[in-house]
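Novice: Before I ask anything, let me first share the structure, which is written out below as structure tokens.
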Protein chains: 2
Amino acid sequence: MTPTLHDVARVAGVSIKTVSNVINAHPHVRPATREKVQRAIAELGYTPNLTARSLRSGRTGVIALAVPDLSFSYFAELAGMVIARAEERGVVVLVEQTGGERDRERELLRSPRLGLTDGLILSPLGLEASDLADRPRTYPTVLLGERVYDAPVDHVTMQNVDAARAATQHLLAAGRRRIAVLGAHDDDGAAGLRLRGHRAALADAGVAHDPDLIVETRFWDRAGGADAVRDLLARGVDFDAVFGLNDTLALGAIRALQEAGRRVPDEVAVVGFDDLDEAAYAIPSLTTIDPGRQWIAQTAVDTLLGRVGDAAGEARVVSAPFEVRVRESAPAR
Amino acid sequence: MTPTLHDVARVAGVSIKTVSNVINAHPHVRPATREKVQRAIAELGYTPNLTARSLRSGRTGVIALAVPDLSFSYFAELAGMVIARAEERGVVVLVEQTGGERDRERELLRSPRLGLTDGLILSPLGLEASDLADRPRTYPTVLLGERVYDAPVDHVTMQNVDAARAATQHLLAAGRRRIAVLGAHDDDGAAGLRLRGHRAALADAGVAHDPDLIVETRFWDRAGGADAVRDLLARGVDFDAVFGLNDTLALGAIRALQEAGRRVPDEVAVVGFDDLDEAAYAIPSLTTIDPGRQWIAQTAVDTLLGRVGDAAGEARVVSAPFEVRVRESAPAR
DNA sequence: ATGAAAGCGCTAACAC
DNA sequence: GTGTTAGCGCTTTCAT
């Protein structure tokens, strides 16, 4: 069996309290005693049972992170950042995939599985505001990105509307007037918010808005972006720019444009949204919006840990600073 | 406070044992009693304390997965598959990033942090065989991919040598003779093994091997692949094919080739290794090796869970079936 | 079919 | 400065 405090105490010839004191770096331990205990620990290869410690202390040192799917670079990179920040703060991260399904997301908010964690960072896709109502108030939760709920939950979000508006403004400033939007969807999610920003920019500039240029896609992936562009071309729609509502759509669009012999950015400028690592290495490199992922990851972890053991206080809603990253696919002019 | 078994028992007017029986679907409970208990559970919103259960049972239902970095698509996709399989098997996954650093990897093998997990799947990069010696024998561990250690640890690996040989054979069969290798490194890791397979294929075909064609890179990323190609071009090395030892290198290479005006695959054919989701969507789409990641992820989880609670038995070393995925960047002919 | 009670390994309040 | 002891919430013999 693995050695326990009692074993160490016996070997060292002291009580378990003393051993506990040594382990927890309690100040008042005589050096000689500390020495004895440490020798016993080394000899037995003792390592504290974290489960027991958790039961006692009520903390596990584990937080949960739930994202739709790690095979999407956006969420993989986000998860990496969350884990890195968590490590800095001395906790580890349990990662779940929801597939963006409302049921899985809702379930996570009250799953007993969470009994092993001190809190949850959830990046929802299908969740409805009503799902947040019957949530156990005591369990620290932070909602991430995308969608804003009108519920008493901490929320770390991004400026979907303003950032999308900035993206479209960038294209307009470069002289583009026929901007196709890929991945659009009239909802309260990221798609709807970004579309709203796009329209605001058009309105600001007094550019008419043409429904033909708005393309819905089944998924926000490369195939979706490529298919959307092929669809535009097939329908004979005239356009001189593409705004992919995320980078993957934009990258798929570039592929389809090149297949069709349309030069990027000369004939068609392309901007994305997310600033994936990949965006900088695409051919051509992708002009995109950095929605502040690093900031989001860090703030989410810090906010969550701030709630652990002290759940009180108003729900905070903060949103990350964003930036336009100008690259080859849509230069300034 | 959150309700406990005792609270439920009191409200239901039974003993905690009976409540426990109901929760754990114990067969011998009278329907009327079960009913009463379930009402009490619902009324109180009781949810079992998993920490206490873990302490008692010795199991946590959590496994740890340690990979170098989630911002590398290969590991992100692998992690997603591991998590998905784990969910099917009823456990959750704690994800750690090692940065590929030996110290972090070594530490994980005996970290007390692991006290919260039932086992560890480790995808090592820097680890040495000697690091495996002083590992606690009782803690279920599975080593993943890449490198083969001569140690009594379960190992789910890929056929680095044979798969790389197949990649080079594919290029040779297409008539290429001057094959540049990117990301090479003479070690016992993936780089060294894949390089070995490449050389074996050359030798089989009686093609001379030219050291000028072997390029080391600092990292296995896009920038590394692009720089390596630029270096070859700058040195005036003659080549008609590129074997990127992973997909990211190959994708970076394609970018640099296109920048330099070399047509892919006409002038230079390119193959990668990994079969990232992205490989199918690149321009041109990337011919690559699928090293059997899905199989690896599932087998790793299944092997690990097989060890939990029954650590005995010979260490198993299994290796995944691989396949050449022929796409545009290096067609069959 | 249900209850009483021991104990998983640890922390911390309280003695000495 | 160090020892004693009472739980944390659960599962699980052993009675009844």
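Ordering of the structure tokens sets the chain letters (A, B, ...), residue numbers begin anew at 1 in every chain, and ligands are numbered from 1 in the order given.
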Identify all chain B residues at most 9 Å from chain A by counting only C-alpha atoms; ligands do not count. Present them as a ChimeraX atom specification.
Specialist: /B:2,45,47-52,54-55,58,60-62,64,69-73,76-81,83-84,87,92-97,110-116,136,138,222-223,251-252,255,258-259,277-278,281-284
Novice: Just need chain A moved onto chain B: least-squares over all Cα atoms matched in order, then output as a CSV table (one decimal) with C-alpha atoms, in the first residue's frame.
Specialist:
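Done, and the output landed in part-v8.csv:
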```
chain,number,residue,atom,x,y,z
A,1,MET,CA,-24.3,24.2,3.1
A,2,THR,CA,-24.7,21.7,0.4
A,3,PRO,CA,-26.8,18.7,1.5
A,4,THR,CA,-25.3,15.4,2.4
A,5,LEU,CA,-26.4,11.8,2.6
A,6,HIS,CA,-27.4,12.5,6.2
A,7,ASP,CA,-29.7,15.3,5.2
A,8,VAL,CA,-31.4,13.3,2.6
A,9,ALA,CA,-31.8,10.4,5.0
A,10,ARG,CA,-33.3,12.7,7.6
A,11,VAL,CA,-35.8,14.2,5.2
A,12,ALA,CA,-36.7,10.9,3.7
A,13,GLY,CA,-37.0,9.3,7.2
A,14,VAL,CA,-34.6,6.5,6.4
A,15,SER,CA,-30.9,5.7,7.1
A,16,ILE,CA,-28.0,6.8,5.0
A,17,LYS,CA,-27.4,3.3,3.9
A,18,THR,CA,-30.8,3.2,2.2
A,19,VAL,CA,-30.1,6.5,0.5
A,20,SER,CA,-26.7,5.1,-0.6
A,21,ASN,CA,-28.5,2.1,-1.9
A,22,VAL,CA,-30.8,4.1,-4.0
A,23,ILE,CA,-28.1,6.3,-5.4
A,24,ASN,CA,-25.9,3.4,-6.4
A,25,ALA,CA,-28.9,1.6,-7.9
A,26,HIS,CA,-28.6,-1.3,-5.4
A,27,PRO,CA,-31.2,-3.9,-6.4
A,28,HIS,CA,-32.8,-4.6,-3.0
A,29,VAL,CA,-34.8,-1.5,-2.2
A,30,ARG,CA,-38.6,-1.4,-1.9
A,31,PRO,CA,-40.2,0.8,-4.6
A,32,ALA,CA,-42.0,2.9,-2.0
A,33,THR,CA,-38.8,3.6,-0.1
A,34,ARG,CA,-36.9,4.4,-3.3
A,35,GLU,CA,-39.7,6.8,-4.2
A,36,LYS,CA,-39.4,8.6,-0.8
A,37,VAL,CA,-35.7,8.9,-1.1
A,38,GLN,CA,-35.8,10.2,-4.6
A,39,ARG,CA,-38.3,12.9,-3.6
A,40,ALA,CA,-36.0,13.9,-0.8
A,41,ILE,CA,-33.0,14.1,-3.1
A,42,ALA,CA,-34.9,16.2,-5.6
A,43,GLU,CA,-36.3,18.5,-2.8
A,44,LEU,CA,-32.8,19.1,-1.4
A,45,GLY,CA,-31.1,19.2,-4.7
A,46,TYR,CA,-28.7,16.7,-3.3
A,47,THR,CA,-25.7,15.7,-5.4
A,48,PRO,CA,-23.1,13.2,-4.1
A,49,ASN,CA,-19.7,14.6,-3.0
A,50,LEU,CA,-17.3,13.0,-5.5
A,51,THR,CA,-14.3,13.8,-3.4
A,52,ALA,CA,-15.6,11.7,-0.5
A,53,ARG,CA,-16.6,9.0,-2.8
A,54,SER,CA,-13.1,9.0,-4.3
A,55,LEU,CA,-11.4,8.8,-0.9
A,56,ARG,CA,-13.6,5.9,0.0
A,57,SER,CA,-13.3,4.0,-3.3
A,58,GLY,CA,-9.7,4.8,-4.2
A,59,ARG,CA,-10.9,5.9,-7.7
A,60,THR,CA,-11.4,9.4,-9.0
A,61,GLY,CA,-12.8,8.8,-12.4
A,62,VAL,CA,-10.2,11.2,-13.7
A,63,ILE,CA,-7.2,10.4,-15.9
A,64,ALA,CA,-4.4,12.8,-16.8
A,65,LEU,CA,-3.2,13.5,-20.3
A,66,ALA,CA,0.1,15.4,-20.7
A,67,VAL,CA,1.1,16.7,-24.1
A,68,PRO,CA,3.7,19.2,-25.1
A,69,ASP,CA,1.4,22.0,-26.2
A,70,LEU,CA,-2.2,22.3,-27.3
A,71,SER,CA,-1.4,25.0,-29.7
A,72,PHE,CA,0.1,22.3,-31.9
A,73,SER,CA,-2.8,21.0,-33.9
A,74,TYR,CA,-1.4,17.4,-33.7
A,75,PHE,CA,-1.7,17.4,-29.9
A,76,ALA,CA,-4.9,19.3,-29.8
A,77,GLU,CA,-6.6,16.8,-32.1
A,78,LEU,CA,-5.1,14.0,-30.2
A,79,ALA,CA,-6.3,15.4,-26.9
A,80,GLY,CA,-9.8,15.8,-28.4
A,81,MET,CA,-9.8,12.2,-29.3
A,82,VAL,CA,-8.6,11.1,-25.9
A,83,ILE,CA,-11.2,13.1,-24.2
A,84,ALA,CA,-13.9,11.7,-26.5
A,85,ARG,CA,-12.9,8.2,-25.8
A,86,ALA,CA,-12.6,8.8,-22.1
A,87,GLU,CA,-16.1,10.1,-22.1
A,88,GLU,CA,-17.3,7.0,-23.7
A,89,ARG,CA,-15.6,5.0,-21.0
A,90,GLY,CA,-17.1,7.2,-18.3
A,91,VAL,CA,-14.1,9.1,-17.1
A,92,VAL,CA,-12.9,12.7,-17.5
A,93,VAL,CA,-9.5,14.1,-18.5
A,94,LEU,CA,-7.2,16.5,-16.8
A,95,VAL,CA,-4.9,18.0,-19.4
A,96,GLU,CA,-1.4,19.2,-18.7
A,97,GLN,CA,1.1,20.9,-21.0
A,98,THR,CA,4.7,20.0,-20.6
A,99,GLY,CA,6.3,22.2,-23.2
A,100,GLY,CA,8.2,19.1,-24.2
A,101,GLU,CA,10.5,19.8,-21.3
A,102,ARG,CA,12.1,16.8,-19.7
A,103,ASP,CA,11.9,18.1,-16.2
A,104,ARG,CA,8.1,18.7,-16.4
A,105,GLU,CA,7.6,15.3,-17.9
A,106,ARG,CA,9.7,13.6,-15.3
A,107,GLU,CA,8.0,15.5,-12.6
A,108,LEU,CA,4.6,14.4,-13.9
A,109,LEU,CA,5.6,10.8,-13.4
A,110,ARG,CA,5.7,11.2,-9.7
A,111,SER,CA,3.9,14.4,-9.0
A,112,PRO,CA,1.5,14.4,-6.0
A,113,ARG,CA,-0.9,16.2,-8.3
A,114,LEU,CA,-1.5,12.9,-9.8
A,115,GLY,CA,-3.1,11.9,-6.6
A,116,LEU,CA,-6.3,13.2,-8.0
A,117,THR,CA,-6.1,11.0,-11.0
A,118,ASP,CA,-6.4,7.2,-11.7
A,119,GLY,CA,-3.7,7.2,-14.3
A,120,LEU,CA,-1.6,9.1,-16.8
A,121,ILE,CA,-1.2,9.2,-20.5
A,122,LEU,CA,2.0,10.9,-21.3
A,123,SER,CA,3.2,12.1,-24.7
A,124,PRO,CA,6.8,12.7,-23.9
A,125,LEU,CA,9.4,14.7,-25.9
A,126,GLY,CA,12.4,15.2,-23.7
A,127,LEU,CA,12.1,12.2,-21.5
A,128,GLU,CA,15.0,9.8,-21.1
A,129,ALA,CA,14.7,6.1,-20.5
A,130,SER,CA,16.3,6.5,-17.1
A,131,ASP,CA,13.6,8.8,-16.0
A,132,LEU,CA,11.2,5.9,-16.0
A,133,ALA,CA,13.1,3.9,-13.4
A,134,ASP,CA,12.1,5.5,-10.2
A,135,ARG,CA,8.5,5.8,-11.1
A,136,PRO,CA,5.9,4.5,-8.6
A,137,ARG,CA,5.1,1.1,-10.0
A,138,THR,CA,1.5,1.3,-8.8
A,139,TYR,CA,0.5,4.3,-10.7
A,140,PRO,CA,-1.0,3.3,-14.1
A,141,THR,CA,0.9,5.0,-16.9
A,142,VAL,CA,0.8,4.8,-20.7
A,143,LEU,CA,3.4,6.4,-22.9
A,144,LEU,CA,2.3,7.8,-26.2
A,145,GLY,CA,3.6,7.9,-29.7
A,146,GLU,CA,7.0,8.9,-31.0
A,147,ARG,CA,9.7,7.4,-28.9
A,148,VAL,CA,10.1,3.8,-27.7
A,149,TYR,CA,11.7,3.3,-24.3
A,150,ASP,CA,13.1,0.2,-23.1
A,151,ALA,CA,11.2,0.2,-19.8
A,152,PRO,CA,8.4,-1.7,-18.2
A,153,VAL,CA,5.7,0.8,-19.1
A,154,ASP,CA,2.7,0.4,-21.4
A,155,HIS,CA,3.4,2.1,-24.7
A,156,VAL,CA,1.1,3.0,-27.5
A,157,THR,CA,3.3,4.0,-30.4
A,158,MET,CA,3.2,4.7,-34.1
A,159,GLN,CA,5.3,3.1,-36.8
A,160,ASN,CA,7.6,6.0,-37.4
A,161,VAL,CA,10.1,4.1,-39.4
A,162,ASP,CA,7.8,2.1,-41.6
A,163,ALA,CA,5.4,5.0,-42.2
A,164,ALA,CA,8.2,7.3,-43.1
A,165,ARG,CA,9.6,4.7,-45.4
A,166,ALA,CA,6.2,4.5,-47.1
A,167,ALA,CA,6.1,8.2,-47.5
A,168,THR,CA,9.4,8.2,-49.3
A,169,GLN,CA,8.5,5.2,-51.3
A,170,HIS,CA,5.4,7.1,-52.5
A,171,LEU,CA,7.6,9.9,-53.8
A,172,LEU,CA,10.1,7.6,-55.4
A,173,ALA,CA,7.2,5.7,-57.1
A,174,ALA,CA,6.1,9.1,-58.5
A,175,GLY,CA,9.5,9.5,-60.1
A,176,ARG,CA,11.1,11.9,-57.6
A,177,ARG,CA,14.8,11.4,-56.9
A,178,ARG,CA,16.0,14.5,-55.1
A,179,ILE,CA,13.9,14.4,-51.9
A,180,ALA,CA,14.6,17.1,-49.3
A,181,VAL,CA,13.8,16.2,-45.7
A,182,LEU,CA,12.7,18.9,-43.3
A,183,GLY,CA,13.0,18.8,-39.5
A,184,ALA,CA,15.5,16.0,-39.5
A,185,HIS,CA,17.5,15.3,-36.4
A,186,ASP,CA,19.7,12.4,-35.5
A,187,ASP,CA,18.1,11.1,-32.3
A,188,ASP,CA,15.9,8.3,-31.0
A,189,GLY,CA,12.9,10.5,-31.2
A,190,ALA,CA,10.3,10.8,-34.0
A,191,ALA,CA,12.7,12.9,-36.1
A,192,GLY,CA,15.4,10.2,-36.0
A,193,LEU,CA,13.1,7.3,-36.6
A,194,ARG,CA,11.4,9.0,-39.5
A,195,LEU,CA,14.7,9.9,-41.0
A,196,ARG,CA,15.8,6.3,-40.6
A,197,GLY,CA,12.7,5.2,-42.6
A,198,HIS,CA,13.4,7.7,-45.3
A,199,ARG,CA,16.9,6.4,-45.7
A,200,ALA,CA,15.8,2.8,-45.8
A,201,ALA,CA,13.4,3.6,-48.6
A,202,LEU,CA,16.3,5.3,-50.5
A,203,ALA,CA,18.5,2.4,-49.9
A,204,ASP,CA,15.8,-0.1,-51.1
A,205,ALA,CA,15.5,1.8,-54.3
A,206,GLY,CA,19.2,2.2,-54.8
A,207,VAL,CA,19.0,6.0,-54.7
A,208,ALA,CA,22.0,7.8,-53.4
A,209,HIS,CA,21.5,9.8,-50.2
A,210,ASP,CA,22.7,13.4,-50.3
A,211,PRO,CA,23.4,15.2,-47.0
A,212,ASP,CA,22.7,18.5,-48.6
A,213,LEU,CA,19.0,17.5,-48.8
A,214,ILE,CA,18.7,17.0,-45.0
A,215,VAL,CA,17.6,20.2,-43.2
A,216,GLU,CA,17.4,20.5,-39.4
A,217,THR,CA,14.9,23.0,-38.0
A,218,ARG,CA,14.6,24.6,-34.6
A,219,PHE,CA,10.9,23.8,-34.2
A,220,TRP,CA,8.5,21.6,-36.1
A,221,ASP,CA,6.3,24.5,-37.1
A,222,ARG,CA,5.3,26.3,-40.2
A,223,ALA,CA,8.0,28.9,-39.8
A,224,GLY,CA,10.5,26.1,-39.5
A,225,GLY,CA,9.3,24.5,-42.7
A,226,ALA,CA,9.3,27.7,-44.6
A,227,ASP,CA,12.7,28.7,-43.4
A,228,ALA,CA,14.1,25.3,-44.3
A,229,VAL,CA,12.9,25.6,-47.9
A,230,ARG,CA,14.2,29.2,-48.2
A,231,ASP,CA,17.5,27.8,-47.0
A,232,LEU,CA,17.6,25.1,-49.6
A,233,LEU,CA,16.8,27.6,-52.3
A,234,ALA,CA,19.4,30.0,-51.1
A,235,ARG,CA,22.0,27.3,-51.1
A,236,GLY,CA,21.0,26.4,-54.6
A,237,VAL,CA,20.3,22.8,-53.7
A,238,ASP,CA,18.5,20.9,-56.5
A,239,PHE,CA,15.4,19.1,-55.3
A,240,ASP,CA,12.1,17.8,-56.8
A,241,ALA,CA,10.4,16.7,-53.6
A,242,VAL,CA,10.0,17.7,-50.0
A,243,PHE,CA,9.3,15.3,-47.1
A,244,GLY,CA,8.2,17.4,-44.1
A,245,LEU,CA,8.6,15.2,-41.0
A,246,ASN,CA,5.3,16.6,-39.9
A,247,ASP,CA,2.4,18.3,-41.6
A,248,THR,CA,3.1,21.7,-40.2
A,249,LEU,CA,6.6,21.7,-41.7
A,250,ALA,CA,5.2,20.5,-45.0
A,251,LEU,CA,2.6,23.3,-45.0
A,252,GLY,CA,5.3,25.9,-44.2
A,253,ALA,CA,7.3,24.4,-47.0
A,254,ILE,CA,4.4,24.8,-49.5
A,255,ARG,CA,4.1,28.4,-48.5
A,256,ALA,CA,7.8,29.1,-49.1
A,257,LEU,CA,7.8,27.2,-52.4
A,258,GLN,CA,4.8,29.2,-53.7
A,259,GLU,CA,6.5,32.5,-52.6
A,260,ALA,CA,9.5,31.4,-54.6
A,261,GLY,CA,7.4,30.6,-57.6
A,262,ARG,CA,8.0,26.9,-57.5
A,263,ARG,CA,4.9,25.0,-58.5
A,264,VAL,CA,3.6,22.3,-56.2
A,265,PRO,CA,3.4,19.5,-57.2
A,266,ASP,CA,4.7,20.0,-60.7
A,267,GLU,CA,8.1,21.2,-59.8
A,268,VAL,CA,8.2,20.0,-56.2
A,269,ALA,CA,6.1,17.4,-54.7
A,270,VAL,CA,5.4,17.7,-50.9
A,271,VAL,CA,4.4,15.1,-48.4
A,272,GLY,CA,3.9,15.5,-44.7
A,273,PHE,CA,3.3,13.3,-41.7
A,274,ASP,CA,0.3,13.4,-39.2
A,275,ASP,CA,-2.8,13.9,-41.3
A,276,LEU,CA,-4.0,16.9,-39.4
A,277,ASP,CA,-7.6,17.9,-40.2
A,278,GLU,CA,-6.0,20.8,-42.0
A,279,ALA,CA,-4.0,18.7,-44.4
A,280,ALA,CA,-7.2,18.0,-46.4
A,281,TYR,CA,-8.0,21.7,-46.8
A,282,ALA,CA,-4.6,23.1,-47.6
A,283,ILE,CA,-3.8,24.5,-51.0
A,284,PRO,CA,-2.9,22.2,-52.6
A,285,SER,CA,-4.2,19.6,-50.3
A,286,LEU,CA,-1.4,17.8,-48.5
A,287,THR,CA,-0.3,14.2,-49.2
A,288,THR,CA,0.6,12.8,-45.8
A,289,ILE,CA,0.8,9.9,-43.5
A,290,ASP,CA,-2.0,9.1,-41.2
A,291,PRO,CA,-0.1,7.5,-38.3
A,292,GLY,CA,-3.3,6.2,-36.8
A,293,ARG,CA,-4.1,8.9,-34.2
A,294,GLN,CA,-7.7,7.8,-33.7
A,295,TRP,CA,-6.4,4.3,-32.9
A,296,ILE,CA,-3.7,5.6,-30.7
A,297,ALA,CA,-6.1,7.8,-28.7
A,298,GLN,CA,-8.6,5.0,-28.1
A,299,THR,CA,-6.0,2.3,-27.4
A,300,ALA,CA,-4.2,4.6,-24.9
A,301,VAL,CA,-7.4,5.2,-23.0
A,302,ASP,CA,-8.5,1.6,-23.1
A,303,THR,CA,-5.0,0.4,-22.0
A,304,LEU,CA,-4.8,2.8,-19.2
A,305,LEU,CA,-8.3,2.0,-17.8
A,306,GLY,CA,-7.3,-1.7,-18.1
A,307,ARG,CA,-4.5,-1.0,-15.7
A,308,VAL,CA,-6.6,0.9,-13.2
A,309,GLY,CA,-7.3,-1.3,-10.3
A,310,ASP,CA,-5.3,-4.1,-11.8
A,311,ALA,CA,-1.8,-2.8,-12.5
A,312,ALA,CA,-0.4,-6.3,-12.9
A,313,GLY,CA,0.8,-7.9,-16.1
A,314,GLU,CA,3.5,-7.5,-18.6
A,315,ALA,CA,4.1,-4.0,-20.1
A,316,ARG,CA,2.4,-3.9,-23.5
A,317,VAL,CA,3.9,-2.2,-26.5
A,318,VAL,CA,1.5,-1.8,-29.4
A,319,SER,CA,1.8,0.3,-32.5
A,320,ALA,CA,-0.9,1.8,-34.6
A,321,PRO,CA,-1.7,0.9,-38.2
A,322,PHE,CA,-0.7,3.8,-40.6
A,323,GLU,CA,-1.8,4.8,-44.0
A,324,VAL,CA,-0.6,7.0,-46.8
A,325,ARG,CA,-3.2,9.7,-47.7
A,326,VAL,CA,-2.6,10.6,-51.3
A,327,ARG,CA,-3.7,14.2,-52.1
A,328,GLU,CA,-2.8,17.0,-54.5
A,329,SER,CA,0.6,18.0,-53.2
A,330,ALA,CA,2.1,14.6,-54.2
A,331,PRO,CA,-0.1,12.7,-56.5
A,332,ALA,CA,0.6,9.1,-57.4
A,333,ARG,CA,2.3,10.1,-60.6
```
Novice: Against chain B, which residues of chain D fall within 7 Å? For each one I want the closest pair of atoms and the distance in Å (one decimal), counting only C-alpha atoms (C1' of nucleotides), rows by chain and increasing residue number, as a tab-separated table.
Specialist:
```
residue	atom	partner	partner_atom	distance
D:DG9	C1'	B:Ala52	CA	5.1
D:DC10	C1'	B:Arg53	CA	5.0
D:DT11	C1'	B:Arg56	CA	6.3
```
Novice: Would you mind writing down, as a ChimeraX atom specification, each residue of segment 238-305 of chain A that DSSP on the backbone assigns to helix (DSSP H, G or I)?
Specialist: /A:247-259,277-281,293-305
Novice: Can you write just those residues out, N, CA, C and O atoms, as a tab-separated table (two decimals), in the first residue's frame?
Specialist:
```tsv
chain	number	residue	atom	x	y	z
A	247	ASP	N	-11.71	32.76	-38.82
A	247	ASP	CA	-10.54	32.56	-39.68
A	247	ASP	C	-10.67	31.33	-40.56
A	247	ASP	O	-10.23	31.32	-41.71
A	248	THR	N	-11.26	30.29	-40.00
A	248	THR	CA	-11.33	29.04	-40.76
A	248	THR	C	-12.19	29.22	-42.00
A	248	THR	O	-11.83	28.75	-43.08
A	249	LEU	N	-13.29	29.92	-41.86
A	249	LEU	CA	-14.12	30.24	-43.02
A	249	LEU	C	-13.31	31.05	-44.03
A	249	LEU	O	-13.34	30.79	-45.24
A	250	ALA	N	-12.56	32.02	-43.53
A	250	ALA	CA	-11.77	32.88	-44.41
A	250	ALA	C	-10.71	32.08	-45.15
A	250	ALA	O	-10.47	32.27	-46.34
A	251	LEU	N	-10.08	31.15	-44.45
A	251	LEU	CA	-9.04	30.33	-45.07
A	251	LEU	C	-9.65	29.42	-46.13
A	251	LEU	O	-9.06	29.21	-47.19
A	252	GLY	N	-10.81	28.87	-45.84
A	252	GLY	CA	-11.50	28.06	-46.84
A	252	GLY	C	-11.88	28.90	-48.04
A	252	GLY	O	-11.78	28.45	-49.19
A	253	ALA	N	-12.27	30.14	-47.78
A	253	ALA	CA	-12.64	31.05	-48.87
A	253	ALA	C	-11.45	31.31	-49.78
A	253	ALA	O	-11.56	31.28	-51.01
A	254	ILE	N	-10.29	31.54	-49.15
A	254	ILE	CA	-9.09	31.81	-49.94
A	254	ILE	C	-8.81	30.62	-50.86
A	254	ILE	O	-8.50	30.78	-52.04
A	255	ARG	N	-8.97	29.45	-50.30
A	255	ARG	CA	-8.72	28.25	-51.11
A	255	ARG	C	-9.64	28.22	-52.34
A	255	ARG	O	-9.20	27.98	-53.45
A	256	ALA	N	-10.92	28.45	-52.10
A	256	ALA	CA	-11.87	28.39	-53.21
A	256	ALA	C	-11.62	29.49	-54.23
A	256	ALA	O	-11.76	29.29	-55.43
A	257	LEU	N	-11.22	30.67	-53.74
A	257	LEU	CA	-10.93	31.77	-54.66
A	257	LEU	C	-9.75	31.43	-55.55
A	257	LEU	O	-9.76	31.68	-56.76
A	258	GLN	N	-8.73	30.84	-54.95
A	258	GLN	CA	-7.54	30.49	-55.73
A	258	GLN	C	-7.87	29.40	-56.75
A	258	GLN	O	-7.43	29.46	-57.89
A	259	GLU	N	-8.67	28.45	-56.34
A	259	GLU	CA	-9.12	27.40	-57.26
A	259	GLU	C	-9.80	28.02	-58.48
A	259	GLU	O	-9.64	27.57	-59.61
A	277	ASP	N	-3.16	31.09	-34.72
A	277	ASP	CA	-1.73	31.04	-35.00
A	277	ASP	C	-1.51	30.92	-36.50
A	277	ASP	O	-0.61	31.52	-37.09
A	278	GLU	N	-2.36	30.12	-37.09
A	278	GLU	CA	-2.26	29.80	-38.50
A	278	GLU	C	-2.42	31.00	-39.43
A	278	GLU	O	-1.87	31.01	-40.54
A	279	ALA	N	-3.20	31.98	-39.00
A	279	ALA	CA	-3.52	33.11	-39.87
A	279	ALA	C	-2.26	33.79	-40.39
A	279	ALA	O	-2.18	34.22	-41.53
A	280	ALA	N	-1.24	33.83	-39.55
A	280	ALA	CA	0.00	34.51	-39.93
A	280	ALA	C	0.79	33.73	-40.97
A	280	ALA	O	1.64	34.28	-41.65
A	281	TYR	N	0.49	32.43	-41.10
A	281	TYR	CA	1.28	31.59	-41.99
A	281	TYR	C	0.54	31.17	-43.25
A	281	TYR	O	1.08	30.45	-44.07
A	293	ARG	N	-7.86	36.87	-27.28
A	293	ARG	CA	-7.96	35.54	-26.65
A	293	ARG	C	-7.11	35.38	-25.42
A	293	ARG	O	-7.52	34.79	-24.42
A	294	GLN	N	-5.86	35.87	-25.52
A	294	GLN	CA	-4.95	35.76	-24.38
A	294	GLN	C	-5.57	36.44	-23.15
A	294	GLN	O	-5.59	35.88	-22.06
A	295	TRP	N	-6.08	37.60	-23.37
A	295	TRP	CA	-6.71	38.37	-22.30
A	295	TRP	C	-7.91	37.60	-21.76
A	295	TRP	O	-8.13	37.52	-20.55
A	296	ILE	N	-8.69	37.05	-22.67
A	296	ILE	CA	-9.88	36.30	-22.26
A	296	ILE	C	-9.51	35.10	-21.40
A	296	ILE	O	-10.09	34.86	-20.34
A	297	ALA	N	-8.51	34.35	-21.85
A	297	ALA	CA	-8.10	33.15	-21.11
A	297	ALA	C	-7.64	33.51	-19.71
A	297	ALA	O	-8.06	32.91	-18.72
A	298	GLN	N	-6.80	34.51	-19.64
A	298	GLN	CA	-6.25	34.88	-18.33
A	298	GLN	C	-7.33	35.45	-17.42
A	298	GLN	O	-7.42	35.10	-16.24
A	299	THR	N	-8.15	36.30	-17.98
A	299	THR	CA	-9.19	36.93	-17.17
A	299	THR	C	-10.20	35.88	-16.69
A	299	THR	O	-10.69	35.95	-15.56
A	300	ALA	N	-10.50	34.93	-17.54
A	300	ALA	CA	-11.45	33.89	-17.15
A	300	ALA	C	-10.92	33.11	-15.95
A	300	ALA	O	-11.63	32.89	-14.97
A	301	VAL	N	-9.66	32.70	-16.03
A	301	VAL	CA	-9.08	31.94	-14.92
A	301	VAL	C	-9.03	32.79	-13.66
A	301	VAL	O	-9.44	32.35	-12.58
A	302	ASP	N	-8.57	34.01	-13.80
A	302	ASP	CA	-8.45	34.88	-12.63
A	302	ASP	C	-9.81	35.16	-12.01
A	302	ASP	O	-9.97	35.17	-10.79
A	303	THR	N	-10.79	35.41	-12.85
A	303	THR	CA	-12.13	35.69	-12.35
A	303	THR	C	-12.69	34.47	-11.62
A	303	THR	O	-13.24	34.58	-10.53
A	304	LEU	N	-12.50	33.31	-12.23
A	304	LEU	CA	-13.02	32.09	-11.61
A	304	LEU	C	-12.37	31.86	-10.25
A	304	LEU	O	-13.06	31.61	-9.25
A	305	LEU	N	-11.06	31.96	-10.20
A	305	LEU	CA	-10.36	31.70	-8.95
A	305	LEU	C	-10.73	32.74	-7.90
A	305	LEU	O	-10.72	32.47	-6.70
```
Novice: Write down as a ChimeraX atom specification the residues belonging to segment 152-279 of chain B that are assigned strand (DSSP E) by DSSP computed on the backbone.
Specialist: /B:154-158,179-182,214-215,241-244,269-271
